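Dropping protein19.txt in here (compact mmCIF, C-alpha atoms):
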# COMPACT_ATOMS: atom_id res chain seq x y z
CA MET A 223 132.28 104.46 329.94
CA HIS A 224 133.96 107.03 327.75
CA GLN A 225 135.34 104.66 325.10
CA PHE A 226 135.55 100.92 324.43
CA SER A 227 138.11 99.99 321.77
CA VAL A 228 139.15 96.75 320.10
CA SER A 229 142.35 96.05 318.19
CA MET A 230 144.62 99.06 317.46
CA GLN A 231 144.55 100.85 320.82
CA PRO A 232 144.63 97.68 322.97
CA ARG A 233 147.56 96.36 320.95
CA VAL A 234 149.55 99.58 321.38
CA VAL A 235 148.80 99.65 325.14
CA ARG A 236 149.74 95.95 325.52
CA ASP A 237 153.00 96.32 323.58
CA ARG A 238 153.92 99.54 325.44
CA GLU A 239 153.30 97.93 328.82
CA ALA A 240 155.48 94.94 327.83
CA ALA A 241 158.43 97.29 327.23
CA ASP A 242 160.85 98.29 329.97
CA TYR A 243 160.81 102.01 330.71
CA TYR A 244 161.70 103.96 333.82
CA SER A 245 160.70 107.52 333.00
CA ARG A 246 158.04 109.54 331.26
CA ALA A 247 160.32 109.91 328.23
CA GLY A 248 160.87 106.15 328.25
CA LYS A 249 157.12 105.56 328.30
CA MET A 250 156.69 107.93 325.34
CA LEU A 251 159.42 106.12 323.41
CA ALA A 252 157.85 102.75 324.24
CA SER A 253 154.51 104.11 322.94
CA LEU A 254 156.10 105.25 319.66
CA ARG A 255 157.73 101.82 319.20
CA ALA A 256 154.41 100.08 319.87
CA ILE A 257 152.62 102.33 317.36
CA ALA A 258 155.31 101.68 314.73
CA ALA A 259 155.00 97.91 315.25
CA MET A 260 151.22 98.16 314.89
CA PHE A 261 151.60 100.00 311.55
CA ARG A 262 154.04 97.38 310.24
CA ARG A 263 151.68 94.54 311.19
CA PRO A 264 148.14 95.95 311.27
CA PRO A 265 145.68 93.99 313.41
CA SER A 266 142.83 92.07 311.81
CA PHE A 267 139.83 90.42 313.46
CA ALA A 268 136.39 89.14 312.56
CA VAL A 269 133.37 90.67 314.31
CA ARG A 270 129.61 90.78 313.98
CA ILE A 271 128.28 94.21 314.93
CA VAL A 272 124.62 94.61 315.87
CA ALA A 273 123.73 98.28 316.36
CA ASP A 274 120.06 98.89 317.12
CA GLU A 275 118.33 97.14 314.18
CA HIS A 276 121.36 97.11 311.86
CA GLU A 277 123.69 94.07 311.64
CA GLU A 278 126.95 93.58 309.75
CA GLU A 279 129.88 91.18 309.74
CA GLY A 280 133.40 91.77 308.55
CA ARG A 281 137.11 91.92 309.23
CA TYR A 282 138.34 95.08 310.87
CA SER A 283 141.50 96.67 312.24
CA LEU A 284 139.59 98.98 314.56
CA VAL A 285 136.21 99.03 316.29
CA VAL A 286 135.40 101.79 318.78
CA VAL A 287 132.26 102.40 320.82
CA ALA A 288 132.25 105.87 322.38
CA ASN A 289 129.91 107.73 324.68
CA ASN A 290 128.39 109.95 321.94
CA LEU A 291 129.79 110.74 318.48
CA TYR A 292 133.26 112.23 318.11
CA GLY A 293 133.41 115.96 317.50
CA ASP A 294 135.14 117.69 314.61
CA SER A 295 138.47 119.54 314.41
CA HIS A 296 140.06 118.06 317.55
CA MET A 297 141.32 114.83 319.08
CA PRO A 298 138.73 112.01 319.10
CA TYR A 299 136.28 112.84 321.89
CA PRO A 300 132.63 113.93 321.85
CA ASP A 301 131.68 117.60 321.74
CA THR A 302 128.80 116.83 324.10
CA LEU A 303 128.01 114.03 326.52
CA GLU A 304 124.32 114.83 326.40
CA ALA A 305 123.35 113.59 322.92
CA GLY A 306 122.20 110.28 324.37
CA VAL A 307 123.80 108.03 321.75
CA LEU A 308 126.76 105.72 321.37
CA GLY A 309 129.20 106.44 318.55
CA ILE A 310 130.21 103.23 316.77
CA GLY A 311 133.34 103.67 314.69
CA ARG A 312 135.10 101.10 312.57
CA ALA A 313 137.86 100.74 310.01
CA PRO A 314 138.56 97.75 307.77
CA VAL A 315 141.93 96.03 307.54
CA LEU A 316 144.15 98.60 305.83
CA PRO A 317 147.69 98.78 304.51
CA PRO A 318 150.18 100.64 306.74
CA SER A 319 149.99 103.91 304.78
CA ALA A 320 146.17 104.02 305.05
CA ASN A 321 146.41 103.23 308.79
CA LEU A 322 148.80 106.15 309.21
CA LYS A 323 146.39 108.46 307.40
CA LEU A 324 143.49 107.18 309.52
CA ILE A 325 145.33 107.85 312.79
CA ALA A 326 146.38 111.32 311.58
CA ASP A 327 142.80 112.15 310.53
CA LEU A 328 141.40 110.93 313.87
CA ALA A 329 143.96 112.96 315.80
CA ALA A 330 143.15 116.07 313.75
CA GLY A 331 139.40 115.58 314.14
CA ASP A 332 138.92 114.99 310.41
CA TRP A 333 137.48 111.48 310.78
CA ARG A 334 134.43 112.40 308.66
CA GLY A 335 136.77 113.07 305.73
CA ASN A 336 138.51 109.68 305.93
CA GLU A 337 136.97 107.24 303.47
CA ASP A 338 138.20 104.24 305.48
CA TYR A 339 136.54 105.21 308.78
CA ASP A 340 132.87 105.34 309.57
CA MET A 341 131.13 106.35 312.80
CA HIS A 342 127.41 106.28 313.30
CA PRO A 343 125.05 106.65 316.27
CA ALA A 344 123.13 103.90 318.05
CA ARG A 345 121.39 103.40 321.38
CA ALA A 346 122.74 99.86 321.87
CA VAL A 347 125.48 97.76 320.29
CA THR A 348 126.48 94.12 320.57
CA LEU A 349 129.90 92.98 319.35
CA HIS A 350 130.38 89.25 318.78
CA PHE A 351 133.85 87.88 318.06
CA PRO A 352 133.44 84.37 316.56
CA ARG A 353 137.15 83.44 316.59
CA LEU A 354 138.33 85.15 319.75
CA LYS A 355 141.75 84.19 321.10
CA HIS A 356 141.90 83.66 324.87
CA THR A 357 144.63 86.33 325.05
CA ALA A 358 142.53 89.02 323.31
CA HIS A 359 142.10 92.37 325.03
CA ALA A 360 140.11 95.57 324.62
CA THR A 361 140.60 98.95 326.20
CA LEU A 362 137.94 100.51 328.36
CA ASP A 363 138.68 104.19 328.93
CA GLY A 364 142.32 103.51 328.03
CA GLU A 365 142.78 100.57 330.43
CA LEU A 366 143.50 97.08 329.11
CA VAL A 367 140.70 94.58 329.91
CA PRO A 368 140.15 90.96 328.81
CA LEU A 369 137.92 90.77 325.73
CA LYS A 370 134.86 88.55 325.95
CA GLN A 371 133.36 86.74 322.98
CA THR A 372 130.22 88.88 323.21
CA VAL A 373 130.18 92.47 324.44
CA GLU A 374 126.92 94.38 324.94
CA LEU A 375 126.92 98.14 325.40
CA LYS A 376 123.96 100.48 325.71
CA ILE A 377 123.48 104.08 326.67
CA GLN A 378 121.17 105.32 329.40
CA PRO A 379 120.65 109.03 328.69
CA GLY A 380 120.22 111.18 331.77
CA ALA A 381 120.90 108.31 334.20
CA LEU A 382 123.88 110.00 335.87
CA ARG A 383 122.93 112.83 338.21
CA VAL A 384 125.68 115.34 338.88
CA LEU A 385 125.75 118.05 341.54
CA LYS A 386 127.68 121.14 340.63
CA PRO A 387 128.20 124.49 342.36

I'd like the structure from this file rewritten - as structure tokens, please.
Amino acid sequence: MHQFSVSMQPRVVRDREAADYYSRAGKMLASLRAIAAMFRRPPSFAVRIVADEHEEEGRYSLVVVANNLYGDSHMPYPDTLEAGVLGIGRAPVLPPSANLKLIADLAAGDWRGNEDYDMHPARAVTLHFPRLKHTAHATLDGELVPLKQTVELKIQPGALRVLKP
């Protein structure tokens, strides 16, 4: 797994896929329309997050679990895949202007400077959605997948052996 995401990204992917497009430009336009709709009506969901020994409950617009913490000064991806931690990021329900700033900061790699977004490391995380709709989805590495009421993720550092020249 590279990234597991709930709410904003799955909603944009779902809305984009529901649109009719027949070209790469059409897909890009459908993506922009889906993003604009998400900003007008920001998602909101209840979740209990258990990360290692820490537990919290709240309403969020975005929860992301990534393979390692995001790096700085670039699009949201880890600088290294060898840190051996999960990066758990979350943002509360925000007004459209704050959501726009959050997305811009994430895209620019300035997530640490955004007061509405927090990402911290953990070895294991459990997400429990108490009021999950049967139509709810998440994205796993950018692909839409059905969201289960309880999702457990843990990292296994060094488990993948890679041969390279």

Between A:Val228, A:Leu349, A:Leu303, A:Val234, which is the closest to Pro368 (chain A) once you count all atoms listed in the file? A:Val228

Near region 350-364 of chain A, within 9 Å and counting only C-alpha atoms, which residues show up once chain neighbours fewer than 5 positions away are dropped, as a PDB file with C-alpha atoms, in the frame of the given file?
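Dumped everything to result.pdb:
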ATOM      1  CA  MET A 223     132.280 104.460 329.940  1.00  0.00           C
ATOM      2  CA  HIS A 224     133.960 107.030 327.750  1.00  0.00           C
ATOM      3  CA  GLN A 225     135.340 104.660 325.100  1.00  0.00           C
ATOM      4  CA  PHE A 226     135.550 100.920 324.430  1.00  0.00           C
ATOM      5  CA  SER A 227     138.110  99.990 321.770  1.00  0.00           C
ATOM      6  CA  VAL A 228     139.150  96.750 320.100  1.00  0.00           C
ATOM      7  CA  SER A 229     142.350  96.050 318.190  1.00  0.00           C
ATOM      8  CA  GLN A 231     144.550 100.850 320.820  1.00  0.00           C
ATOM      9  CA  PRO A 232     144.630  97.680 322.970  1.00  0.00           C
ATOM     10  CA  ARG A 233     147.560  96.360 320.950  1.00  0.00           C
ATOM     11  CA  VAL A 235     148.800  99.650 325.140  1.00  0.00           C
ATOM     12  CA  ARG A 236     149.740  95.950 325.520  1.00  0.00           C
ATOM     13  CA  PHE A 267     139.830  90.420 313.460  1.00  0.00           C
ATOM     14  CA  ALA A 268     136.390  89.140 312.560  1.00  0.00           C
ATOM     15  CA  VAL A 269     133.370  90.670 314.310  1.00  0.00           C
ATOM     16  CA  ARG A 270     129.610  90.780 313.980  1.00  0.00           C
ATOM     17  CA  ILE A 271     128.280  94.210 314.930  1.00  0.00           C
ATOM     18  CA  VAL A 272     124.620  94.610 315.870  1.00  0.00           C
ATOM     19  CA  LEU A 369     137.920  90.770 325.730  1.00  0.00           C
ATOM     20  CA  LYS A 370     134.860  88.550 325.950  1.00  0.00           C
ATOM     21  CA  GLN A 371     133.360  86.740 322.980  1.00  0.00           C
ATOM     22  CA  THR A 372     130.220  88.880 323.210  1.00  0.00           C
ATOM     23  CA  VAL A 373     130.180  92.470 324.440  1.00  0.00           C
ATOM     24  CA  GLU A 374     126.920  94.380 324.940  1.00  0.00           C
TER      25      GLU A 374
END

Please identify all polymer residues within 9 Å of Lys249 (chain A), counting all atoms listed in the file, omitting same-chain residues fewer than 6 positions from it, and present them as a compact mmCIF listing (two decimals) with C-alpha atoms, in the coordinates of the input.
# COMPACT_ATOMS: atom_id res chain seq x y z
CA ARG A 238 153.92 99.54 325.44
CA GLU A 239 153.30 97.93 328.82
CA ALA A 241 158.43 97.29 327.23
CA ASP A 242 160.85 98.29 329.97
CA TYR A 243 160.81 102.01 330.71

Keeping C-alpha atoms, write region 342-371 of chain A of the structure just shown out as an mmCIF file, in the first residue's frame.
data_model
loop_
_atom_site.group_PDB
_atom_site.id
_atom_site.type_symbol
_atom_site.label_atom_id
_atom_site.label_comp_id
_atom_site.auth_asym_id
_atom_site.auth_seq_id
_atom_site.Cartn_x
_atom_site.Cartn_y
_atom_site.Cartn_z
ATOM 1 C CA HIS A 342 2.009 11.791 12.689
ATOM 2 C CA PRO A 343 3.789 8.425 12.602
ATOM 3 C CA ALA A 344 2.493 5.094 13.902
ATOM 4 C CA ARG A 345 3.262 1.412 13.431
ATOM 5 C CA ALA A 346 -0.411 0.381 13.305
ATOM 6 C CA VAL A 347 -3.721 2.179 12.872
ATOM 7 C CA THR A 348 -7.343 1.115 13.161
ATOM 8 C CA LEU A 349 -10.096 3.294 11.700
ATOM 9 C CA HIS A 350 -13.649 2.634 12.903
ATOM 10 C CA PHE A 351 -16.576 4.350 11.179
ATOM 11 C CA PRO A 352 -19.617 4.100 13.507
ATOM 12 C CA ARG A 353 -22.180 5.489 11.033
ATOM 13 C CA LEU A 354 -20.885 4.106 7.762
ATOM 14 C CA LYS A 355 -23.190 4.271 4.742
ATOM 15 C CA HIS A 356 -23.296 1.117 2.616
ATOM 16 C CA THR A 357 -22.245 3.209 -0.401
ATOM 17 C CA ALA A 358 -19.097 4.596 1.289
ATOM 18 C CA HIS A 359 -15.767 4.218 -0.487
ATOM 19 C CA ALA A 360 -12.078 4.767 0.181
ATOM 20 C CA THR A 361 -9.177 4.940 -2.217
ATOM 21 C CA LEU A 362 -6.312 2.505 -1.996
ATOM 22 C CA ASP A 363 -3.385 3.721 -4.088
ATOM 23 C CA GLY A 364 -5.809 5.909 -6.055
ATOM 24 C CA GLU A 365 -8.315 3.130 -6.819
ATOM 25 C CA LEU A 366 -11.857 3.276 -5.450
ATOM 26 C CA VAL A 367 -12.617 0.414 -3.003
ATOM 27 C CA PRO A 368 -15.639 -0.261 -0.766
ATOM 28 C CA LEU A 369 -15.102 1.119 2.744
ATOM 29 C CA LYS A 370 -15.567 -1.302 5.625
ATOM 30 C CA GLN A 371 -16.771 -0.255 9.063
#
